[in-house]
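Written below as structure tokens is the structure these notes are about.
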Amino acid sequence: MLGKKVPFVTFRTRVRDESIEGPNPFRWEDKTSDDYFKGKKVVLFSLPGAFTPTCSTFQLPDFEKLSDEFKAEGVDEIYCISVNDAFVMNAWAKAQGVDKVKVIPDGSGEFTRKMGMLVAKDNLGFGMRSWRYGAIVNDGTVDQWFEEEGFSDNCETDPYGVSSPQNILEKLKASKVEAA
């Protein structure tokens with residue numbers, strides 16, 4: 001993955017629109033990979049599913065808590081992507097109280113598939129989902145890659161550590177020191 005461009009896809013997102021009345025003031029908005037990655041240094045992390053235990057207890061909240069430290073290292077945005085639709089991703093972000101990490105819905109799994117990270121999780125009743133990984137992406141190109149071990153369909157375990165925000169931040173700081 002190192003040195004490769006992220007795939008160009010269109011994401012179907014739901015954005016708040018104050019001109020819409022009622023209990024669901026959101027409208028559809030298409031966003032492309034360029035909208036998210038072009039001209040920016042971002043941390044991208046992916047996970048098997050919104051509202052799942054590891055993702056909700058550790059991964060997403062810890063990225064949110066450490067977001068200022070990532071910004072201090074020159075990161076423009078932190079993105080969480082999952083093979084979930086826009087409704088689920090927005091509800092999860094709201095339930096988690098997240099506003100610094102942006103969630104990206106990959107409802108069809110197209111981005112995840114093109115990243116080579118789509119796996120079957122039928123053993124959990126999930127269907128096709130993303131393997132857990134993280135990346136530092138600079139202007140659409142993968143600079144650093146953090147893939148959990150054991151990549152496979154219907155993996156019996158849910159490894160977590162390599163793609164943790166603590167590990168990614170540590171490697172980001174170390175690479176900055178090496179470059180100096």
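Chain identifiers are assigned as A, B, and so on, following the order in which chains appear in the structure tokens; residues are numbered from 1 within each chain, and ligands are numbered from 1 in order of appearance.
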
For Gly150 in chain A: contacts at 12 Å, only C-alpha atoms, fewer than 5 positions along chain excluded, given as a compact mmCIF listing (two decimals) with N, CA and C atoms, in the first residue's frame:
# COMPACT_ATOMS: atom_id res chain seq x y z
N MET A 117 -9.00 -4.37 1.29
CA MET A 117 -9.25 -4.64 2.70
C MET A 117 -10.63 -5.23 2.99
N VAL A 119 -13.24 -8.01 3.64
CA VAL A 119 -13.24 -9.41 4.09
C VAL A 119 -14.65 -9.84 4.45
N TRP A 131 -11.42 -4.93 6.93
CA TRP A 131 -10.41 -5.36 7.89
C TRP A 131 -9.97 -4.10 8.63
N ARG A 132 -9.55 -4.24 9.86
CA ARG A 132 -9.12 -3.08 10.65
C ARG A 132 -7.71 -2.64 10.20
N TYR A 133 -7.61 -1.35 9.80
CA TYR A 133 -6.32 -0.80 9.39
C TYR A 133 -6.32 0.70 9.61
N CYS A 155 -12.35 -14.29 10.19
CA CYS A 155 -11.32 -14.39 11.23
C CYS A 155 -12.00 -14.59 12.58
N GLU A 156 -11.47 -15.51 13.36
CA GLU A 156 -12.05 -15.83 14.68
C GLU A 156 -11.77 -14.75 15.71
N THR A 157 -10.74 -13.92 15.47
CA THR A 157 -10.37 -12.89 16.43
C THR A 157 -10.57 -11.51 15.81
N ASP A 158 -10.45 -10.49 16.62
CA ASP A 158 -10.57 -9.11 16.15
C ASP A 158 -9.33 -8.36 16.63
N PRO A 159 -8.18 -8.57 15.94
CA PRO A 159 -6.95 -7.94 16.41
C PRO A 159 -7.04 -6.43 16.41
N TYR A 160 -6.45 -5.83 17.44
CA TYR A 160 -6.44 -4.37 17.56
C TYR A 160 -5.19 -3.95 18.31
N VAL A 162 -2.10 -2.40 16.23
CA VAL A 162 -1.29 -1.77 15.18
C VAL A 162 -1.98 -0.51 14.67

Hey, which bits of range 58-152 of chain A sit within 10 Å of range 27-45 of chain A, and for each residue what's the closest pair of atoms and how far apart in Å (one decimal), counting only C-alpha atoms, rows by chain and increasing number, as a Markdown table?
| residue | atom | partner | partner_atom | distance |
| --- | --- | --- | --- | --- |
| A:Gln59 | CA | A:Phe45 | CA | 9.0 |
| A:Leu60 | CA | A:Phe45 | CA | 9.0 |
| A:Phe63 | CA | A:Phe45 | CA | 9.3 |
| A:Ser67 | CA | A:Val43 | CA | 9.9 |
| A:Phe70 | CA | A:Val43 | CA | 8.4 |
| A:Lys71 | CA | A:Val42 | CA | 9.5 |
| A:Glu73 | CA | A:Lys41 | CA | 10.0 |
| A:Gly74 | CA | A:Lys41 | CA | 7.2 |
| A:Val75 | CA | A:Lys41 | CA | 5.2 |
| A:Asp76 | CA | A:Lys41 | CA | 5.4 |
| A:Glu77 | CA | A:Val42 | CA | 4.9 |
| A:Ile78 | CA | A:Val43 | CA | 4.8 |
| A:Tyr79 | CA | A:Leu44 | CA | 4.8 |
| A:Cys80 | CA | A:Phe45 | CA | 5.1 |
| A:Ile81 | CA | A:Phe45 | CA | 6.3 |
| A:Ser82 | CA | A:Phe45 | CA | 8.6 |
| A:Ala86 | CA | A:Trp28 | CA | 9.1 |
| A:Val101 | CA | A:Val43 | CA | 9.6 |
| A:Lys102 | CA | A:Leu44 | CA | 9.7 |
| A:Val103 | CA | A:Phe45 | CA | 9.8 |
| A:Ile104 | CA | A:Tyr36 | CA | 9.1 |
| A:Phe111 | CA | A:Ser33 | CA | 8.9 |
| A:Arg132 | CA | A:Phe45 | CA | 7.5 |
| A:Tyr133 | CA | A:Phe45 | CA | 5.7 |
| A:Gly134 | CA | A:Phe45 | CA | 4.1 |
| A:Ala135 | CA | A:Leu44 | CA | 5.2 |
| A:Ile136 | CA | A:Val43 | CA | 4.7 |
| A:Val137 | CA | A:Val42 | CA | 5.2 |
| A:Asn138 | CA | A:Lys41 | CA | 4.4 |
| A:Asp139 | CA | A:Gly39 | CA | 4.6 |
| A:Gly140 | CA | A:Phe37 | CA | 5.0 |
| A:Thr141 | CA | A:Phe37 | CA | 8.5 |
| A:Val142 | CA | A:Leu44 | CA | 9.6 |
| A:Asp143 | CA | A:Lys41 | CA | 9.5 |
| A:Gln144 | CA | A:Val43 | CA | 9.4 |
| A:Trp145 | CA | A:Leu44 | CA | 9.6 |
| A:Phe146 | CA | A:Phe45 | CA | 8.8 |
| A:Glu147 | CA | A:Phe45 | CA | 9.7 |

Based on DSSP run over this structure's backbone, return all residues of range 135-172 of chain A in strand (DSSP E), as an mmCIF file with all heavy atoms, in the first residue's frame.
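Output file out21.cif is given in full below:
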data_model
loop_
_atom_site.group_PDB
_atom_site.id
_atom_site.type_symbol
_atom_site.label_atom_id
_atom_site.label_comp_id
_atom_site.auth_asym_id
_atom_site.auth_seq_id
_atom_site.Cartn_x
_atom_site.Cartn_y
_atom_site.Cartn_z
ATOM 1 N N ALA A 135 -3.935 4.420 8.165
ATOM 2 C CA ALA A 135 -2.962 4.927 7.201
ATOM 3 C C ALA A 135 -2.758 6.421 7.407
ATOM 4 O O ALA A 135 -3.671 7.127 7.839
ATOM 5 C CB ALA A 135 -3.442 4.668 5.774
ATOM 6 N N ILE A 136 -1.557 6.857 7.091
ATOM 7 C CA ILE A 136 -1.284 8.285 6.950
ATOM 8 C C ILE A 136 -1.322 8.521 5.442
ATOM 9 O O ILE A 136 -0.567 7.894 4.686
ATOM 10 C CB ILE A 136 0.112 8.678 7.494
ATOM 11 C CG1 ILE A 136 0.294 8.237 8.949
ATOM 12 C CG2 ILE A 136 0.344 10.182 7.317
ATOM 13 C CD1 ILE A 136 -0.571 8.920 9.947
ATOM 14 N N VAL A 137 -2.221 9.396 5.012
ATOM 15 C CA VAL A 137 -2.410 9.659 3.585
ATOM 16 C C VAL A 137 -2.079 11.127 3.328
ATOM 17 O O VAL A 137 -2.665 12.013 3.947
ATOM 18 C CB VAL A 137 -3.854 9.342 3.148
ATOM 19 C CG1 VAL A 137 -4.030 9.600 1.661
ATOM 20 C CG2 VAL A 137 -4.222 7.901 3.497
ATOM 21 N N ASN A 138 -1.121 11.340 2.434
ATOM 22 C CA ASN A 138 -0.686 12.699 2.120
ATOM 23 C C ASN A 138 -1.066 13.012 0.679
ATOM 24 O O ASN A 138 -0.544 12.385 -0.241
ATOM 25 C CB ASN A 138 0.827 12.815 2.335
ATOM 26 C CG ASN A 138 1.278 14.242 2.529
ATOM 27 O OD1 ASN A 138 0.545 15.182 2.218
ATOM 28 N ND2 ASN A 138 2.473 14.401 3.041
ATOM 29 N N THR A 141 -1.969 9.978 -1.340
ATOM 30 C CA THR A 141 -0.990 8.893 -1.426
ATOM 31 C C THR A 141 -0.704 8.346 -0.024
ATOM 32 O O THR A 141 -0.488 9.114 0.910
ATOM 33 C CB THR A 141 0.324 9.400 -2.071
ATOM 34 O OG1 THR A 141 0.023 9.877 -3.384
ATOM 35 C CG2 THR A 141 1.346 8.285 -2.171
ATOM 36 N N VAL A 142 -0.674 7.020 0.086
ATOM 37 C CA VAL A 142 -0.424 6.366 1.377
ATOM 38 C C VAL A 142 1.059 6.495 1.735
ATOM 39 O O VAL A 142 1.923 5.950 1.043
ATOM 40 C CB VAL A 142 -0.843 4.879 1.339
ATOM 41 C CG1 VAL A 142 -0.502 4.194 2.658
ATOM 42 C CG2 VAL A 142 -2.337 4.754 1.033
ATOM 43 N N ASP A 143 1.344 7.221 2.827
ATOM 44 C CA ASP A 143 2.713 7.407 3.322
ATOM 45 C C ASP A 143 3.095 6.349 4.364
ATOM 46 O O ASP A 143 4.248 5.932 4.417
ATOM 47 C CB ASP A 143 2.871 8.783 3.986
ATOM 48 C CG ASP A 143 3.109 9.897 2.988
ATOM 49 O OD1 ASP A 143 3.286 9.615 1.789
ATOM 50 O OD2 ASP A 143 3.123 11.070 3.429
ATOM 51 N N GLN A 144 2.142 6.008 5.217
ATOM 52 C CA GLN A 144 2.387 4.990 6.245
ATOM 53 C C GLN A 144 1.156 4.094 6.326
ATOM 54 O O GLN A 144 0.028 4.556 6.149
ATOM 55 C CB GLN A 144 2.662 5.635 7.615
ATOM 56 C CG GLN A 144 3.965 6.426 7.651
ATOM 57 C CD GLN A 144 4.278 6.929 9.052
ATOM 58 O OE1 GLN A 144 4.280 6.162 10.016
ATOM 59 N NE2 GLN A 144 4.540 8.217 9.179
ATOM 60 N N TRP A 145 1.384 2.807 6.628
ATOM 61 C CA TRP A 145 0.324 1.801 6.610
ATOM 62 C C TRP A 145 0.348 1.012 7.911
ATOM 63 O O TRP A 145 1.416 0.588 8.362
ATOM 64 C CB TRP A 145 0.532 0.887 5.398
ATOM 65 C CG TRP A 145 -0.527 -0.132 5.204
ATOM 66 C CD1 TRP A 145 -0.408 -1.486 5.398
ATOM 67 C CD2 TRP A 145 -1.873 0.084 4.759
ATOM 68 N NE1 TRP A 145 -1.599 -2.111 5.118
ATOM 69 C CE2 TRP A 145 -2.510 -1.171 4.712
ATOM 70 C CE3 TRP A 145 -2.592 1.221 4.405
ATOM 71 C CZ2 TRP A 145 -3.840 -1.324 4.323
ATOM 72 C CZ3 TRP A 145 -3.913 1.074 4.020
ATOM 73 C CH2 TRP A 145 -4.521 -0.185 3.971
ATOM 74 N N PHE A 146 -0.831 0.803 8.509
ATOM 75 C CA PHE A 146 -0.967 0.123 9.797
ATOM 76 C C PHE A 146 -2.069 -0.927 9.705
ATOM 77 O O PHE A 146 -3.231 -0.620 9.958
ATOM 78 C CB PHE A 146 -1.313 1.135 10.889
ATOM 79 C CG PHE A 146 -0.357 2.297 10.961
ATOM 80 C CD1 PHE A 146 -0.575 3.450 10.211
ATOM 81 C CD2 PHE A 146 0.763 2.234 11.770
ATOM 82 C CE1 PHE A 146 0.294 4.519 10.266
ATOM 83 C CE2 PHE A 146 1.648 3.303 11.842
ATOM 84 C CZ PHE A 146 1.415 4.453 11.083
ATOM 85 N N GLU A 147 -1.723 -2.139 9.326
ATOM 86 C CA GLU A 147 -2.698 -3.206 9.128
ATOM 87 C C GLU A 147 -2.631 -4.212 10.267
ATOM 88 O O GLU A 147 -1.547 -4.691 10.610
ATOM 89 C CB GLU A 147 -2.420 -3.908 7.797
ATOM 90 C CG GLU A 147 -3.390 -5.011 7.457
ATOM 91 C CD GLU A 147 -3.063 -5.655 6.116
ATOM 92 O OE1 GLU A 147 -2.603 -4.947 5.198
ATOM 93 O OE2 GLU A 147 -3.276 -6.877 6.002
#

For this session: Kindly indicate which residue among A:Asn167, A:Thr13, A:Thr112, A:Asn154 lies nearest to Leu47 in chain A, using only C-alpha atoms for the distances.
Result: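 Of A:Asn167, A:Thr13, A:Thr112, A:Asn154, the one nearest Leu47 in chain A is A:Thr112, counting only C-alpha atoms.
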
Long-range neighbours of Asp153 in chain A as a PDB file with C-alpha atoms, in the first residue's frame, 9 Å cut-off, only C-alpha atoms, 2 positions minimum in chain:
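around-v1.pdb, written as the output of this step:
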ATOM      1  CA  LEU A 118     -12.725  -6.149   2.163  1.00  0.00           C
ATOM      2  CA  VAL A 119     -13.238  -9.408   4.087  1.00  0.00           C
ATOM      3  CA  ALA A 120     -16.158 -11.695   4.792  1.00  0.00           C
ATOM      4  CA  LYS A 121     -17.423 -11.568   8.363  1.00  0.00           C
ATOM      5  CA  ASP A 122     -20.307 -13.965   7.859  1.00  0.00           C
ATOM      6  CA  ASN A 123     -19.233 -15.796  11.018  1.00  0.00           C
ATOM      7  CA  MET A 128     -18.625  -8.150   3.777  1.00  0.00           C
ATOM      8  CA  PHE A 151      -6.102 -10.589   7.498  1.00  0.00           C
ATOM      9  CA  CYS A 155     -11.321 -14.390  11.230  1.00  0.00           C
TER      10      CYS A 155
END

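Interatomic distance, CA of Pro48 in chain A against CA of Pro25 in chain A: 27.8 Å.
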
For this session: May I ask for the distance between CA of Thr57 in chain A and CA of Ser163 in chain A, given in Å to one decimal place?
Result: 14.4 Å

Problem set entry | Residue nearest Asn90 in chain A among A:Glu64, A:Lys5, A:Leu172, A:Arg14 (counting only C-alpha atoms) |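 Of A:Glu64, A:Lys5, A:Leu172, A:Arg14, the one nearest Asn90 in chain A is A:Arg14, counting only C-alpha atoms.
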
Problem set entry | Surrounding residues of Asn84 in chain A excluding itself and chain neighbours under 6 positions, 10 Å, only C-alpha atoms, as a PyMOL selection string | chain A and resi 48-50+90+104-109+129-130

Serialized selection, N, CA and C atoms, as a PDB file, in the first residue's frame:
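As written to disk, out_25.pdb reads:
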ATOM      1  N   PRO A  48     -14.374  -2.782  11.350  1.00  0.00           N
ATOM      2  CA  PRO A  48     -15.427  -3.682  10.870  1.00  0.00           C
ATOM      3  C   PRO A  48     -16.843  -3.122  10.928  1.00  0.00           C
ATOM      4  N   GLY A  49     -17.152  -2.297  11.937  1.00  0.00           N
ATOM      5  CA  GLY A  49     -18.520  -1.802  11.987  1.00  0.00           C
ATOM      6  C   GLY A  49     -18.789  -0.798  13.077  1.00  0.00           C
ATOM      7  N   ALA A  50     -19.643   0.152  12.746  1.00  0.00           N
ATOM      8  CA  ALA A  50     -20.124   1.114  13.739  1.00  0.00           C
ATOM      9  C   ALA A  50     -20.855   0.371  14.840  1.00  0.00           C
ATOM     10  N   ASN A  90     -23.540   8.359  10.717  1.00  0.00           N
ATOM     11  CA  ASN A  90     -23.919   9.612  11.382  1.00  0.00           C
ATOM     12  C   ASN A  90     -24.502   9.356  12.771  1.00  0.00           C
ATOM     13  N   ILE A 104     -16.813   8.529   7.418  1.00  0.00           N
ATOM     14  CA  ILE A 104     -17.078   8.368   5.989  1.00  0.00           C
ATOM     15  C   ILE A 104     -17.827   7.055   5.785  1.00  0.00           C
ATOM     16  N   PRO A 105     -19.026   7.119   5.199  1.00  0.00           N
ATOM     17  CA  PRO A 105     -19.776   5.897   4.938  1.00  0.00           C
ATOM     18  C   PRO A 105     -19.319   5.237   3.630  1.00  0.00           C
ATOM     19  N   ASP A 106     -18.919   3.985   3.724  1.00  0.00           N
ATOM     20  CA  ASP A 106     -18.568   3.200   2.544  1.00  0.00           C
ATOM     21  C   ASP A 106     -19.615   2.097   2.414  1.00  0.00           C
ATOM     22  N   GLY A 107     -20.864   2.532   2.249  1.00  0.00           N
ATOM     23  CA  GLY A 107     -22.009   1.626   2.291  1.00  0.00           C
ATOM     24  C   GLY A 107     -21.923   0.420   1.381  1.00  0.00           C
ATOM     25  N   SER A 108     -21.405   0.601   0.189  1.00  0.00           N
ATOM     26  CA  SER A 108     -21.307  -0.517  -0.756  1.00  0.00           C
ATOM     27  C   SER A 108     -19.999  -1.280  -0.609  1.00  0.00           C
ATOM     28  N   GLY A 109     -19.060  -0.725   0.158  1.00  0.00           N
ATOM     29  CA  GLY A 109     -17.753  -1.356   0.331  1.00  0.00           C
ATOM     30  C   GLY A 109     -16.816  -1.125  -0.842  1.00  0.00           C
ATOM     31  N   ARG A 129     -17.180  -6.788   5.151  1.00  0.00           N
ATOM     32  CA  ARG A 129     -16.789  -5.625   5.960  1.00  0.00           C
ATOM     33  C   ARG A 129     -15.315  -5.307   5.754  1.00  0.00           C
ATOM     34  N   SER A 130     -14.872  -4.246   6.377  1.00  0.00           N
ATOM     35  CA  SER A 130     -13.469  -3.856   6.278  1.00  0.00           C
ATOM     36  C   SER A 130     -12.639  -4.566   7.334  1.00  0.00           C
TER      37      SER A 130
END

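Distances from A:Ser56, A:Glu110, A:Glu18, A:Lys173 to Asp85 in chain A were compared using only C-alpha atoms, and the smallest one belongs to A:Glu110.
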
For this session: Would you list, as a ChimeraX atom specification, the residues of range 69-173 of chain A that end up in alpha helix (DSSP H) under DSSP run on this structure's backbone?
Result: /A:69-72,86-96,110-114,165-173
